[in-house]
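See below for upload38.txt, which holds compact mmCIF, C-alpha atoms.
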# COMPACT_ATOMS: atom_id res chain seq x y z
CA MET M 946 21.53 -57.43 -112.32
CA ILE M 947 21.68 -59.56 -109.17
CA GLY M 948 19.32 -62.42 -108.40
CA ARG M 949 18.85 -66.10 -107.65
CA LEU M 950 19.36 -68.28 -110.72
CA ILE M 951 16.17 -70.24 -111.37
CA ALA M 952 16.82 -71.84 -114.77
CA HIS M 953 18.53 -71.31 -118.12
CA GLY M 954 18.44 -72.93 -121.52
CA GLN M 955 17.47 -72.68 -125.16
CA ALA M 956 13.98 -71.66 -126.25
CA ASN M 957 12.24 -69.68 -128.95
CA TYR M 958 12.72 -65.97 -128.20
CA GLN M 959 10.10 -64.78 -125.70
CA TYR M 960 8.70 -68.35 -125.89
CA ARG M 961 6.97 -67.43 -129.15
CA ALA M 962 6.65 -70.14 -131.78
CA ASP M 963 7.20 -67.67 -134.65
CA GLN M 964 10.60 -66.56 -133.26
CA ASP M 965 14.04 -68.12 -133.73
CA VAL M 966 15.81 -70.09 -131.02
CA SER M 967 17.61 -67.93 -128.46
CA TYR M 968 18.91 -68.46 -124.91
CA TYR M 969 17.29 -67.40 -121.66
CA VAL M 970 18.36 -66.95 -118.03
CA LYS M 971 15.61 -66.81 -115.40
CA MET M 972 16.44 -64.97 -112.18
CA LEU M 973 14.53 -64.10 -109.04
CA THR M 974 15.56 -60.52 -108.22
CA SER M 975 14.53 -58.11 -105.48
CA ARG M 976 11.93 -56.78 -107.91
CA GLY M 977 10.54 -60.18 -108.78
CA PRO M 978 11.24 -62.75 -111.51
CA ARG M 979 13.22 -61.54 -114.54
CA THR M 980 14.10 -63.36 -117.74
CA LEU M 981 17.11 -62.27 -119.78
CA TRP M 982 17.35 -63.18 -123.47
CA GLY M 983 20.41 -63.35 -125.67
CA LYS M 984 22.36 -65.97 -127.60
CA ASP M 985 25.59 -64.94 -125.88
CA LEU M 986 24.17 -65.93 -122.47
CA GLU M 987 24.87 -69.56 -123.34
CA ARG M 988 28.58 -68.83 -123.88
CA ALA M 989 28.72 -66.65 -120.77
CA LEU M 990 27.42 -69.46 -118.57
CA ARG M 991 29.57 -72.10 -120.25
CA GLU M 992 32.77 -70.04 -119.75
CA ALA M 993 31.90 -68.69 -116.29
CA GLU M 994 34.78 -69.02 -113.81
CA THR M 995 32.43 -69.68 -110.90
CA ALA M 996 30.19 -72.24 -112.72
CA PRO M 997 26.79 -70.92 -111.53
CA ARG M 998 24.04 -73.47 -110.92
CA PRO M 999 20.30 -73.06 -110.31
CA GLY M 1000 19.82 -71.80 -106.76
CA ASP M 1001 23.04 -69.74 -106.75
CA LEU M 1002 23.01 -65.99 -106.21
CA ILE M 1003 24.39 -64.63 -109.48
CA GLY M 1004 25.13 -61.40 -111.29
CA ALA M 1005 24.53 -60.80 -115.00
CA ARG M 1006 26.18 -57.84 -116.70
CA ARG M 1007 26.27 -56.62 -120.29
CA THR M 1008 29.86 -55.81 -121.19
CA ALA M 1009 29.66 -54.94 -124.88
CA ARG M 1010 27.52 -54.87 -127.98
CA GLU M 1011 28.57 -56.22 -131.37
CA ALA M 1012 26.97 -55.65 -134.77
CA VAL M 1013 25.15 -58.66 -136.22
CA THR M 1014 22.78 -59.40 -139.09
CA ILE M 1015 19.48 -60.90 -137.98
CA THR M 1016 17.32 -62.96 -140.31
CA SER M 1017 13.59 -62.75 -139.63
CA ARG M 1018 11.39 -65.52 -141.03
CA GLU M 1019 7.66 -65.54 -141.57
CA ARG M 1020 5.99 -68.91 -141.20
CA ASP M 1021 2.61 -70.19 -142.23
CA ALA M 1022 0.13 -71.98 -140.01
CA GLU M 1023 2.04 -75.24 -140.44
CA GLY M 1024 5.35 -73.69 -139.45
CA ARG M 1025 6.85 -73.54 -142.95
CA VAL M 1026 8.99 -70.50 -143.85
CA VAL M 1027 7.18 -68.43 -146.46
CA SER M 1028 9.49 -65.37 -146.51
CA GLN M 1029 12.53 -63.96 -144.79
CA THR M 1030 14.17 -60.57 -144.35
CA GLU M 1031 17.52 -59.44 -142.96
CA ARG M 1032 18.21 -56.46 -140.73
CA HIS M 1033 21.22 -55.08 -138.90
CA ALA M 1034 21.13 -55.10 -135.12
CA HIS M 1035 23.40 -55.36 -132.08
CA ARG M 1036 23.98 -58.43 -129.95
CA SER M 1037 24.89 -57.99 -126.31
CA ARG M 1038 27.93 -59.69 -124.82
CA TRP M 1039 27.38 -60.94 -121.27
CA VAL M 1040 29.26 -61.92 -118.15
CA VAL M 1041 27.29 -64.25 -115.86
CA GLU M 1042 28.97 -65.28 -112.60
CA LYS M 1043 28.17 -65.91 -108.96
CA ALA M 1044 27.67 -62.65 -107.05
CA VAL M 1045 30.89 -63.15 -105.05
CA PHE M 1046 32.85 -62.94 -108.33
CA PHE M 1047 31.74 -59.34 -108.89
CA ALA M 1048 32.48 -58.39 -105.28
CA GLU M 1049 36.02 -59.73 -105.64
CA ARG M 1050 36.49 -57.98 -108.98
CA ALA M 1051 35.43 -54.68 -107.38
CA ARG M 1052 38.18 -55.12 -104.76
CA LEU M 1053 40.77 -55.88 -107.44
CA ALA M 1054 39.66 -52.85 -109.46
CA ARG M 1055 40.21 -50.56 -106.47
CA ARG M 1056 43.78 -51.82 -106.13
CA VAL M 1057 44.56 -51.13 -109.78
CA ARG M 1058 43.00 -47.65 -109.57
CA ASP M 1059 44.99 -46.72 -106.42
CA GLU M 1060 48.21 -44.87 -107.35
CA GLN M 1061 49.64 -45.37 -103.85
CA VAL M 1062 49.23 -49.14 -103.77
CA ASP M 1063 52.31 -51.26 -103.05
CA VAL M 1064 52.50 -53.13 -106.36
CA ARG M 1065 54.71 -55.98 -105.09
CA ALA M 1066 52.47 -56.62 -102.11
CA ALA M 1067 49.36 -56.43 -104.29
CA VAL M 1068 50.76 -58.95 -106.78
CA ARG M 1069 51.83 -61.30 -103.99
CA ALA M 1070 48.29 -61.21 -102.60
CA HIS M 1071 46.65 -61.36 -106.05
CA PRO M 1072 48.95 -62.91 -108.69
CA GLU M 1073 46.18 -62.53 -111.27
CA LEU M 1074 46.79 -58.76 -111.19
CA ARG M 1075 50.38 -59.07 -112.45
CA SER M 1076 49.43 -58.47 -116.08
CA ALA M 1077 47.26 -55.49 -115.15
CA PHE M 1078 50.13 -53.83 -113.27
CA LEU M 1079 52.52 -54.59 -116.14
CA SER M 1080 50.09 -52.81 -118.45
CA VAL M 1081 50.00 -49.81 -116.11
CA ARG M 1082 53.81 -49.74 -115.95
CA ALA M 1083 54.03 -49.85 -119.76
CA ALA M 1084 51.62 -46.91 -119.92
CA GLU M 1085 53.74 -44.99 -117.38
CA GLU M 1086 56.87 -45.55 -119.47
CA PHE M 1087 55.06 -44.42 -122.59
CA ALA M 1088 53.77 -41.30 -120.84
CA ALA M 1089 57.21 -40.47 -119.45
CA GLY M 1090 58.73 -40.58 -122.94
CA LYS M 1091 55.94 -39.01 -124.98
CA ILE M 1092 53.99 -36.59 -122.75
CA ARG M 1093 55.98 -33.61 -121.51
CA ASP M 1094 53.40 -31.81 -119.37
CA PRO M 1095 53.13 -33.41 -115.89
CA ALA M 1096 49.42 -32.54 -115.64
CA ASP M 1097 48.74 -34.19 -119.00
CA ARG M 1098 50.72 -37.27 -117.90
CA ALA M 1099 48.66 -37.49 -114.72
CA ARG M 1100 45.39 -37.22 -116.67
CA PHE M 1101 46.58 -39.86 -119.13
CA MET M 1102 47.46 -42.29 -116.35
CA GLU M 1103 44.16 -41.61 -114.60
CA LEU M 1104 42.35 -42.59 -117.79
CA ILE M 1105 44.47 -45.73 -118.21
CA ARG M 1106 43.95 -46.85 -114.61
CA GLY M 1107 40.25 -46.07 -114.86
CA ALA M 1108 39.81 -48.06 -118.07
CA MET M 1109 41.76 -51.01 -116.64
CA ALA M 1110 39.85 -50.96 -113.36
CA GLY M 1111 36.53 -50.64 -115.21
CA SER M 1112 37.25 -53.74 -117.32
CA ILE M 1113 38.23 -55.71 -114.24
CA GLN M 1114 35.14 -54.62 -112.31
CA ASN M 1115 32.87 -55.45 -115.25
CA GLY M 1116 34.08 -59.04 -115.09
CA GLU M 1117 35.97 -58.99 -118.37
CA PRO M 1118 38.98 -61.32 -118.72
CA LEU M 1119 42.08 -60.03 -116.97
CA PRO M 1120 44.72 -58.81 -119.44
CA ALA M 1121 47.42 -61.30 -120.33
CA ILE M 1122 50.82 -60.01 -121.38
CA ARG M 1123 53.46 -62.23 -122.90
CA MET M 1124 56.99 -60.99 -122.64
CA LYS M 1125 58.87 -61.39 -125.92
CA ALA M 1126 62.26 -62.99 -125.82
CA PRO M 1127 64.98 -60.64 -127.12
CA GLU M 1128 65.69 -61.23 -130.79
CA ARG M 1129 69.07 -62.58 -131.72
CA PRO M 1130 71.16 -60.19 -133.81
CA LYS M 1131 71.00 -61.13 -137.47
CA THR M 1132 74.23 -61.98 -139.25
CA ASP M 1133 75.11 -59.55 -142.00
CA PRO M 1134 75.92 -61.66 -145.08
CA GLN M 1135 78.11 -58.82 -146.46
CA ARG M 1136 80.22 -58.69 -143.31
CA PRO M 1137 83.20 -61.07 -143.30
CA GLN M 1138 82.99 -63.65 -140.56
CA PRO M 1139 86.00 -64.31 -138.30
CA ALA M 1140 88.01 -67.32 -139.43
CA LYS M 1141 87.78 -70.41 -137.25
CA THR M 1142 90.82 -71.14 -135.12
CA ARG M 1143 92.21 -74.52 -134.31
CA ASP M 1144 90.43 -74.69 -130.99
CA ASP M 1145 86.97 -73.90 -132.44
CA PRO M 1146 84.67 -76.94 -132.32
CA THR M 1147 83.65 -78.21 -135.76
CA ARG M 1148 80.96 -80.60 -136.99
Please express the file's structure as structure tokens.
Amino acid sequence: MIGRLIAHGQANYQYRADQDVSYYVKMLTSRGPRTLWGKDLERALREAETAPRPGDLIGARRTAREAVTITSRERDAEGRVVSQTERHAHRSRWVVEKAVFFAERARLARRVRDEQVDVRAAVRAHPELRSAFLSVRAAEEFAAGKIRDPADRARFMELIRGAMAGSIQNGEPLPAIRMKAPERPKTDPQRPQPAKTRDDPTR
């Protein structure tokens, strides 16, 4: 959803006194004012790379749903809780950024999806894509060793590139890969060690 950010903050869900505190984002879209509700919206705005402020043109996108347990409380006329029940539901996970963020992510996604792209040139222009291309290369090596049929390998890589590009375009964090240092060979305690010579340093 694209629109002009009007306001955001905590409030009782749907502004109803009998509902628990949630988080809202008010936007002015091409179809008029819209208010989004969800506790994760607070995190999404707090962690946003582009730090949207009221007046900015923003995009809000649901990226996932996670299972949660919701407690509903009934209150009396004075606001005291008289009963409560629990139910299982799903909570949406959001990405909220300035609109230019999503446009840039769409361009990056196209580069990852393109099999003919010059990887070195792409990484020089967009260093943040290095981990994504390393992931693609790891998938290619896996496919080369495990999938014999060339058509099946091509389909597998198409799925991998598509999934990677989709995550990038949705605004999800870019993958981070840490290269492990090679492990040092362990000394076999049963194997006799070479005797020290005169010139070996000692402590």
Coordinates-based distance that separates atom CA of M:Gln955 from atom CA of M:Arg1006 (Å, one decimal)
19.2 Å
Judged by all atoms listed in the file, the minimum distance to M:Gln1029 among M:Asp965, M:Glu994, M:Asp1097, M:Glu1103 is found for M:Asp965
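Among M:Ala1096, M:Ala956, M:Met1109, M:Leu1104, the residue with the shortest atom-to-atom distance to M:Phe1078, counting all atoms listed in the file, is M:Met1109.
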Tell me which protein, DNA and RNA residues are within 12 Å of M:Glu1023, counting all atoms listed in the file, leaving out same-chain ones fewer than 4 positions away, and put them as a PDB file with C-alpha atoms, in the coordinates of the input.
ATOM      1  CA  ALA M 962       6.650 -70.140-131.780  1.00  0.00           C
ATOM      2  CA  ASP M 963       7.200 -67.670-134.650  1.00  0.00           C
ATOM      3  CA  GLU M1019       7.660 -65.540-141.570  1.00  0.00           C
ATOM      4  CA  VAL M1027       7.180 -68.430-146.460  1.00  0.00           C
TER       5      VAL M1027
END
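Counting all atoms listed in the file and comparing M:Val966, M:Ile1113, M:Ile1105, M:Leu1002, the residue that lies closest to M:Val1045 is M:Leu1002.
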For each of M:Arg1025, M:Glu1085, M:Ala1110, M:Ile951, take the minimum atom-to-atom distance to M:Arg1098, counting only C-alpha atoms, then give the residue where this is smallest.
M:Glu1085
Quick one: residues within 7 Å of M:Ala993, only C-alpha atoms counted, chain neighbours fewer than 3 positions away excluded, as a ChimeraX atom specification?
/M:989-990,996,1041-1042
Non-local contacts of stretch 969-978 of chain M (10 Å; only C-alpha atoms; under 6 positions in same chain excluded) as number ranges by chain:
M: 946-960, 984-987, 990, 999-1005, 1041
Closest of M:Ala1044, M:Leu981, M:Ala1051, M:Val1026 to M:Asn1115 - atom-to-atom distances counting all atoms listed in the file
M:Ala1051
Need the shell around M:Leu1053: protein/DNA/RNA residues with any atom at most 9 Å away, counting only C-alpha atoms. Skip same-chain ones fewer than 4 positions apart. Format as a VMD selection string?
chain M and resid 1048 to 1049 1057 to 1058 1071 1074 1110 1113 to 1114
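Candidate residues M:Ala1084, M:Val1064, M:Val1040, M:Ile1015 were compared for distance to M:Arg1106, and the nearest is M:Ala1084, using all atoms listed in the file.
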